[in-house]
Every structure is written in C-alpha cells, then in structure tokens.
Amino acid sequence: GSSRSHCALQLTLARMRGGRVCETTFTLVDLAGAERPSKVAGSYTPSPEMMIWESESSGKAVQDSLEAQTLMINYELFLLGREVLTATEKHRRGRSYAPPRQATTPFIRFMGACLDGSCRTAMIVTLSQAPQNGWETWFSLQYGTDLSKLRVPLNTRTPRVVGKELKAARAAAAEAAKVLNAGPPPPTAPAFKYWAKKESAAHMAISRLAWLSRLEELSVSYQSVTSPPLVPAPAAAALRANDSSTHHAPQRVEQQEHPE
C-alpha cells in the first residue's frame, strides 16, 4: 500500500583544498503519488486550507482520515507546481524567488529552497500500466510536463575559508546545545509548533561542526603525508656544506695513443 507521505534524503559532500572548503548537497525526494480521494473510503474531509491552518495552529501534522491525507497530498503537489511557475516567472523578470513562509506546508517550504537557483533540479516520473489508474497516469504526465518548465539561473558556489566556517560552526553548535538543553516548550505554548523545526536545525548544526572538524583533520593528515619533511635551517646548512665537500673537481682524462 501507499504510505501517503513524502520522503527526503539529503547527502552533503565537502571538499577541502588550500584551506578552503566547498560543499555540495544532493537532495533526493520521493513524492507521494497523486490519488483520487474518491478511491479512499473516508468520512467528512475539511478543505486543504483548513487542514493547513489547524496544522500550523497545533504544530502537528495532518492525522485525519485517509481521504484527508490523500486530499492534502494532491493539494501539496498542486502547490509545488504553482511554485515552479512562480519561480520561473520571477527569474524571467530578473527578480529573486523566496519560498512562501505562511499559509503553506513544511513540504512546500522545503522544496521551495530548490527553486531559488542554488541547485540543479531534475525529476523522474513513474507511471502505472493498470487501466484503473488511468487518471493517476494522466495526472503524473501532466505534472511532469509542468515541472519541466522550470527555468532558473544557476548561482555558482565559491569555496570558503575553512577557518571562518569552523568559527561560525562552533558558534552555531553552541547555540544549538542551548536549545536542546532547554528542551521543548509546553504543548500549550504558542512556540511549541516551532519546536520540531528548531530541534532539527540544532541537530544539523552540531552535525555540521563534527564533519567540518573531521574534514580539517583529514586535510592536515593528507598534507603531512604528501608534503616533504621540513628540515631546520642549521641542519640544512650543514647538509649543503657536506654535499659541496663531497663533490670533486672534474679530473682531466688524457687519451693515450695506442701503437698501430
């Protein structure tokens, strides 16, 4: 059966060279497939806007009937397609794009970060050959066609000084530790709905400091192996003097004539 949810996997690669670090992040997203709500038995289903409002007010994900979850997934897919068109139009006019922050879902805020020109975006559409899934197949094809219209200028990433990155990472990790030590606010507090996001950001900050530090250690170890050993100045002078004394003046070789 369907999990009726999206899944995202992020893989961050970093390379250090010459005291500078460059990061690249691969974001693999498995979108939940579109489905007719009429195929899923359910009771009364509120509108997607009402479910978003309830989710933002309580800080909890949509946990209603299967029909409500199916309707929300279809609505999120529609919002994503709309954001693709919006981002394309803004970039065409030379304006910057920013994902929506209010009256939307965390999924749209997350995917909106892929539309600002900081990454390359590609999509793979999987289809069903079953006759009873004709509407879903048509929707998937139309959806892939709409997303293929995305046009954004690519912003090149420049390597950054690893010392500055480590300093910023240590400060962010210290703040993250304070957030985690303080713990979540009471469930009735208005700030409780932001706790999941703050907790995730705190863990990411601590993890980033760990792999940045490890990357610096590996870079230092690699340089110590590949670089020639440093010789102190007095020892180097002694080696040069010894080397010059061992070289003798070229001897003259006289050719002897052999009698015929």
# chains A, B, ... in the order shown; residues from 1 in each chain; ligands from 1
>>> residues_around(residues="region 143-149 of chain A", least_positions_apart="2", cutoff="10 Å", atoms="only C-alpha atoms", output="PyMOL selection string")
chain A and resi 34+77-78+80-85+88+121-126+137-141+151-152
>>> closest_residue(among="A:Pro100, A:Gly94, A:Pro153, A:Pro131", to="Cys119 (chain A)", atoms="only C-alpha atoms")
A:Pro153
>>> closest_atom_pairs(of="region 56-168 of chain A", to="region 23-28 of chain A", cutoff="12 Å", atoms="only C-alpha atoms", output="CSV")
residue,atom,partner,partner_atom,distance
A:Phe110,CA,A:Thr27,CA,10.4
A:Met111,CA,A:Thr27,CA,9.6
A:Ala113,CA,A:Thr27,CA,10.5
A:Cys114,CA,A:Thr27,CA,8.8
A:Ser118,CA,A:Thr24,CA,10.2
A:Cys119,CA,A:Thr25,CA,8.6
A:Arg120,CA,A:Phe26,CA,9.5
A:Thr121,CA,A:Thr27,CA,9.3
A:Ala122,CA,A:Leu28,CA,9.9
A:Met123,CA,A:Leu28,CA,9.8
A:Ile124,CA,A:Leu28,CA,10.8
A:Thr156,CA,A:Thr24,CA,11.0
A:Arg157,CA,A:Glu23,CA,8.3
A:Thr158,CA,A:Glu23,CA,9.1
A:Pro159,CA,A:Glu23,CA,7.8
A:Arg160,CA,A:Glu23,CA,9.1
A:Val161,CA,A:Glu23,CA,11.8
A:Val162,CA,A:Glu23,CA,11.1
A:Glu165,CA,A:Glu23,CA,11.2
>>> atom_distance(atom1="CA of Ala205 (chain A)", atom2="CA of Glu76 (chain A)")
28.3 Å
>>> residues_around(residues="region 195-203 of chain A", least_positions_apart="2", cutoff="9 Å", atoms="only C-alpha atoms", output="JSON, numbers by chain")
{"A": [59, 172, 173, 175, 176, 177, 179, 180, 183, 184, 185, 191, 192, 193, 205, 206, 207, 208]}
>>> select_by_dssp(residues="region 1-219 of chain A", states="strand (DSSP E or B)", output="list in words")
Cys7, Ala8, Leu9, Gln10, Leu11, Thr12, Leu13, Ala14, Arg15, Met16, Arg17, Arg20, Val21, Cys22, Glu23, Thr24, Thr25, Phe26, Thr27, Leu28, Val29, Asp30, Arg160 and Val161 of chain A
>>> write_last_selection(atoms="C-alpha atoms", output="PDB file, in the first residue's frame")
ATOM      1  CA  CYS A   7      10.369  11.191   1.819  1.00  0.00           C
ATOM      2  CA  ALA A   8      13.549  13.287   1.506  1.00  0.00           C
ATOM      3  CA  LEU A   9      17.165  12.150   1.735  1.00  0.00           C
ATOM      4  CA  GLN A  10      19.980  14.705   1.814  1.00  0.00           C
ATOM      5  CA  LEU A  11      23.616  13.850   1.129  1.00  0.00           C
ATOM      6  CA  THR A  12      26.204  16.569   1.717  1.00  0.00           C
ATOM      7  CA  LEU A  13      29.659  16.283   0.152  1.00  0.00           C
ATOM      8  CA  ALA A  14      32.520  18.591   1.082  1.00  0.00           C
ATOM      9  CA  ARG A  15      35.965  19.070  -0.396  1.00  0.00           C
ATOM     10  CA  MET A  16      38.839  20.982   1.147  1.00  0.00           C
ATOM     11  CA  ARG A  17      41.745  22.342  -0.827  1.00  0.00           C
ATOM     12  CA  ARG A  20      39.101  26.405   1.635  1.00  0.00           C
ATOM     13  CA  VAL A  21      36.050  24.185   1.730  1.00  0.00           C
ATOM     14  CA  CYS A  22      33.323  23.742  -0.867  1.00  0.00           C
ATOM     15  CA  GLU A  23      30.039  21.988  -0.045  1.00  0.00           C
ATOM     16  CA  THR A  24      27.558  20.283  -2.345  1.00  0.00           C
ATOM     17  CA  THR A  25      24.227  18.857  -1.208  1.00  0.00           C
ATOM     18  CA  PHE A  26      22.217  16.238  -3.074  1.00  0.00           C
ATOM     19  CA  THR A  27      18.522  16.244  -2.154  1.00  0.00           C
ATOM     20  CA  LEU A  28      16.587  13.150  -3.244  1.00  0.00           C
ATOM     21  CA  VAL A  29      12.828  13.474  -2.749  1.00  0.00           C
ATOM     22  CA  ASP A  30      10.297  10.704  -3.225  1.00  0.00           C
ATOM     23  CA  ARG A 160      35.009  29.424   1.656  1.00  0.00           C
ATOM     24  CA  VAL A 161      37.832  29.761   4.149  1.00  0.00           C
TER      25      VAL A 161
END
>>> closest_residue(among="A:Asn74, A:Gln132, A:Thr188, A:Ser96", to="His6 (chain A)", atoms="only C-alpha atoms")
A:Asn74
>>> select_by_dssp(residues="region 91-252 of chain A", states="alpha helix (DSSP H)", output="ChimeraX atom specification")
/A:91-92,106-112,134-147,162-182,195-226,233-246
>>> closest_residue(among="A:Gln102, A:Gln142, A:Phe107, A:Ala210", to="Ser5 (chain A)", atoms="only C-alpha atoms")
A:Phe107
